[in-house]
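**Student:** I am attaching a structure below and will ask some questions about it afterwards.
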Amino acid sequence: MLEQEAKKKVDRINIFKLVVSQFLINLGDVLINPKVTLPWLLQSLGAPLYLLGWLVPIRESGSLLPQLIIAHFIYKVKIRKWVWVLGSVIQSLCVVAIGCAALLLEGGSAGWAIIAALMIFSVARGLNSVASKDVLGKTVEKNKRGRVTGWSSSASGLITIGIAICTLFFLGSFQGNTSLYVWGIASAALIWLVAALIYSFVKEPLSEVEGEGASLNSVFKELSLLKTDSVFREFVIARSLFLCAALSAPYYVLIAQQGAENTIFILGSFILASGLASLLSSPFWGLFSDYSSRKVMAAAALLSAFTGIILFLTVNFFSEASFATWIVVVLYFILSVAHQGVRIGRKTYLVNLGEGNKRTSYVSVSNTIIGFILLAMSSVSLLTYSISLASLVLVFSLITLVGVYVVIRLPEV
């Protein structure tokens, strides 16, 4: 009885440390957001405009593509929380490099220095991504893993709401103030170090070690999982189709901007909608995922698809109405709620699908494949030259519906 009570206490402390460290990482992400903060920084430094288009692809795909190789080095590590800690420390150093570039350089030199630091930052983030799933699976019971992700996402929603308030009321006075960005970046560097410190105190059991783990010759053998493991293959297919739900989000903002007079206020409204969606829905999706992560993915993706269909109908039949812009904002809130469900559901499903090194293989293979698919699907935006933005959202929604069909066929884990 005493041993059980002691184990429960350790589990509660581990959950607290995992949630707090992830919360801090999310806070750091807000401070160097490649969609908001870094573009402003590059623009204020006079960097070439074409560099702005590389920020998001480098940040997203850069952390996904190398994970297959990262996993094979992790296989020889018994305590894998240190991989996460190493990733956070490297990210902190990269953030310091970005701050130094902002202070000491300008123009193209500053832009390329920031891009280089962001590339290293993204690869280091891959260390966190692979290790975090493994540590979560080893330290938290299966029926509690979803809520860990849920509460972390909810906390990040609270951060986003704060950023939205700043955008709505204080953005004008801060525009072009490079020193403000530098102070924010310095804060982000410190935040990553604190997150690494907290994570280092997680009590993690030893992992199984494979002697061939560090052999690069065996790296691509992991891809055979897509052929031999039918459940994992179906999951990767579904996750690939669900990318459309995330890729459609920017077009909601563009559609609203087309009919808006005060674009800054609309931008703040969208950020606020995103933050509220994370804050309010993530705990629910986390608890629901502990019951059935498969059903969470299906329900959330279905909600996302229907939201896109309603957006298409709104733009085509109510585009002249004065309230149409605010309908789009409300629909974006619903889409953000759905996106949180898809994200939390698929993370929980993947962690629960395997154990030990097989879980690490699942995470690394799926993320590497998704990194390539994400780059390929980014080219879908070229359709905007031939169809309307609302029609493109409709296309994304129909593809998402196919993903719902694939997920329904998956077994419970």
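Every chain in the structure tokens has a letter given in the order shown (A, B, ...), and although residue numbers restart at 1 in each chain, ligands are simply numbered from 1 in the order shown.
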Please report, as a tab-separated table, each residue of segment 66-163 of chain A lying at most 10 Å from segment 327-341 of chain A, together with the nearest pair of atoms and the separation in Å rounded to one decimal; use only C-alpha atoms, and order rows by chain and ascending residue number.
**Tutor:**
```
residue	atom	partner	partner_atom	distance
A:Gly150	CA	A:Gln340	CA	8.6
A:Ser153	CA	A:Gln340	CA	8.0
A:Ser154	CA	A:Gln340	CA	9.5
```
**Student:** Please build the interface table for segment 341-401 of chain A against segment 298-317 of chain A with a cut-off of 8 Å, listing for each qualifying residue the nearest atom pair and the distance in Å to one decimal; count only C-alpha atoms, order rows by chain and increasing number, and write it as JSON lines.
**Tutor:**
```
{"residue": "A:Gly341", "atom": "CA", "partner": "A:Ala300", "partner_atom": "CA", "distance": 5.2}
{"residue": "A:Val342", "atom": "CA", "partner": "A:Ala300", "partner_atom": "CA", "distance": 5.5}
{"residue": "A:Ala390", "atom": "CA", "partner": "A:Phe312", "partner_atom": "CA", "distance": 5.0}
{"residue": "A:Ser391", "atom": "CA", "partner": "A:Phe312", "partner_atom": "CA", "distance": 6.5}
{"residue": "A:Val393", "atom": "CA", "partner": "A:Gly308", "partner_atom": "CA", "distance": 5.8}
{"residue": "A:Leu394", "atom": "CA", "partner": "A:Ile309", "partner_atom": "CA", "distance": 5.7}
{"residue": "A:Phe396", "atom": "CA", "partner": "A:Ala305", "partner_atom": "CA", "distance": 7.8}
{"residue": "A:Ser397", "atom": "CA", "partner": "A:Ala305", "partner_atom": "CA", "distance": 4.3}
{"residue": "A:Leu398", "atom": "CA", "partner": "A:Ala305", "partner_atom": "CA", "distance": 6.7}
{"residue": "A:Thr400", "atom": "CA", "partner": "A:Ala305", "partner_atom": "CA", "distance": 6.0}
{"residue": "A:Leu401", "atom": "CA", "partner": "A:Ala305", "partner_atom": "CA", "distance": 6.2}
```
**Student:** Please compute the atom CA of Leu18 of chain A-atom CA of Val140 of chain A distance, one decimal, in Å.
**Tutor:** 9.7 Å
**Student:** Check the smallest atom-to-atom distance from each of A:Ala188, A:Val83, A:Leu243, A:Leu51 to Lys133 of chain A using only C-alpha atoms, then report the winner.
**Tutor:**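 The answer is A:Val83, which sits nearest to Lys133 of chain A.
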**Student:** Tell me, in Å to one decimal, how far atom CA of Phe23 of chain A is from atom CA of Leu193 of chain A.
**Tutor:**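 If I compute the distance from atom CA of Phe23 of chain A to atom CA of Leu193 of chain A, I get 12.9 Å.
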**Student:** With DSSP run on the backbone, what are the alpha helix (DSSP H) residues within segment 23-150 of chain A? I'd like them as a count of residues only.
**Tutor:** 98
**Student:** What's the 8 Å shell around segment 196-198 of chain A, counting only C-alpha atoms, without same-chain residues fewer than 4 positions away, as JSON, numbers by chain?
**Tutor:** {"A": [17, 20, 21, 84, 85, 86, 88, 89, 192, 202]}
**Student:** Would you put the residues from that selection into a file with C-alpha atoms, as a short mmCIF file (atom, residue, chain, number, x, y, z; two decimals), in the first residue's frame?
**Tutor:**
```
data_model
loop_
_atom_site.label_atom_id
_atom_site.label_comp_id
_atom_site.auth_asym_id
_atom_site.auth_seq_id
_atom_site.Cartn_x
_atom_site.Cartn_y
_atom_site.Cartn_z
CA LYS A 17 6.92 18.89 -14.12
CA VAL A 20 5.12 23.20 -16.43
CA SER A 21 8.10 22.55 -18.71
CA TRP A 84 14.95 16.71 -24.18
CA VAL A 85 17.13 18.83 -21.89
CA LEU A 86 19.89 18.97 -24.53
CA SER A 88 16.10 22.87 -24.90
CA VAL A 89 19.62 24.12 -24.10
CA TRP A 192 14.10 27.54 -22.34
CA VAL A 202 11.53 14.20 -13.95
#
```
**Student:** Measuring atom to atom with only C-alpha atoms, identify which of A:Val95, A:Val402, A:Trp326, A:Pro283 is nearest to Ile255 of chain A.
**Tutor:** A:Trp326
**Student:** With only C-alpha atoms as the counted atoms, please give the residues lying no more than 12 Å from Arg12 of chain A, apart from itself and same-chain residues fewer than 3 positions off, as a list in words.
**Tutor:**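 Counting only the stated atoms, we get Glu5, Ala6, Lys7, Lys8, Lys9, Ile15, Phe16, Lys17, Leu18, Val19, Thr139, Val140, Glu141, Lys144, Arg145, Val148, Val202 and Lys203 of chain A.
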**Student:** Neighbours of Ala116 of chain A within 10 Å (only C-alpha atoms; same-chain residues fewer than 4 positions away dropped), as JSON, numbers by chain?
**Tutor:** {"A": [58, 94, 97, 98, 110, 111, 112, 120, 121]}
**Student:** With N, CA and C atoms retained, write the just-selected residues as a CSV table (one decimal), in the first residue's frame.
**Tutor:**
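What follows is the written file out.csv:
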```csv
chain,number,residue,atom,x,y,z
A,58,ILE,N,10.9,26.4,-42.5
A,58,ILE,CA,12.1,25.9,-41.7
A,58,ILE,C,11.7,25.5,-40.3
A,94,CYS,N,20.4,29.1,-29.5
A,94,CYS,CA,20.0,29.6,-30.9
A,94,CYS,C,19.2,30.9,-30.7
A,97,ALA,N,21.6,33.6,-30.2
A,97,ALA,CA,22.2,33.9,-31.5
A,97,ALA,C,21.3,34.9,-32.3
A,98,ILE,N,20.0,34.6,-32.2
A,98,ILE,CA,19.1,35.5,-32.9
A,98,ILE,C,19.1,36.9,-32.3
A,110,ALA,N,21.9,40.2,-41.2
A,110,ALA,CA,21.1,39.8,-40.0
A,110,ALA,C,20.1,38.8,-40.4
A,111,GLY,N,19.5,38.9,-41.6
A,111,GLY,CA,18.4,38.0,-42.0
A,111,GLY,C,19.0,36.6,-42.2
A,112,TRP,N,20.1,36.4,-42.8
A,112,TRP,CA,20.7,35.1,-43.0
A,112,TRP,C,21.2,34.5,-41.7
A,120,ILE,N,19.1,25.5,-37.0
A,120,ILE,CA,19.7,24.7,-35.8
A,120,ILE,C,18.6,24.6,-34.7
A,121,PHE,N,17.9,25.7,-34.5
A,121,PHE,CA,16.8,25.6,-33.5
A,121,PHE,C,15.8,24.6,-33.8
```
**Student:** Ranking A:Gly345, A:Gly126, A:Gly87, A:Gly356 by minimum distance to Pro205 of chain A and counting only C-alpha atoms, which one comes first?
**Tutor:** A:Gly356
**Student:** Using only C-alpha atoms, pick whichever of A:Gly28, A:Pro34, A:Pro48, A:Gly354 has the shortest atom-to-atom distance to Gly107 of chain A.
**Tutor:**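 Smallest separation from Gly107 of chain A among the options: A:Pro48.
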**Student:** Extract, using only C-alpha atoms, all DNA, RNA and protein residues at most 6 Å from Leu45 of chain A, discarding same-chain residues fewer than 2 positions from it, and format them as a PyMOL selection string.
**Tutor:** chain A and resi 42-43+47+106-107
**Student:** Can you spit out the residues from that selection as a short mmCIF file (atom, residue, chain, number, x, y, z; two decimals), in the first residue's frame, using N, CA and C atoms?
**Tutor:**
```cif
data_model
loop_
_atom_site.label_atom_id
_atom_site.label_comp_id
_atom_site.auth_asym_id
_atom_site.auth_seq_id
_atom_site.Cartn_x
_atom_site.Cartn_y
_atom_site.Cartn_z
N LEU A 42 12.73 40.69 -38.70
CA LEU A 42 13.45 40.75 -39.97
C LEU A 42 13.12 42.04 -40.72
N GLN A 43 11.86 42.40 -40.70
CA GLN A 43 11.45 43.61 -41.41
C GLN A 43 12.07 44.86 -40.78
N ALA A 47 15.94 43.18 -43.51
CA ALA A 47 16.32 41.93 -44.19
C ALA A 47 15.52 41.78 -45.48
N GLU A 106 22.54 44.00 -39.50
CA GLU A 106 21.34 44.54 -40.13
C GLU A 106 21.31 44.11 -41.59
N GLY A 107 20.16 44.29 -42.20
CA GLY A 107 20.02 43.94 -43.61
C GLY A 107 20.11 42.45 -43.87
#
```
**Student:** Identify which of the residues A:Val406, A:Leu31, A:Leu392, A:Thr325 lies closest to Ser248 of chain A, counting only C-alpha atoms when measuring atom-to-atom distances.
**Tutor:**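 Closest to Ser248 of chain A, using only C-alpha atoms: A:Leu392.
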**Student:** Considering only C-alpha atoms, state which residue in the set A:Lys78, A:Leu241, A:Ser61, A:Ile159 is at the smallest distance from Met119 of chain A.
**Tutor:** A:Ser61
**Student:** Rounded to one decimal, what separation in Å do you get between atom CA of Arg359 of chain A and atom CA of Phe284 of chain A?
**Tutor:**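 Distance between the two atoms: 24.9 Å.
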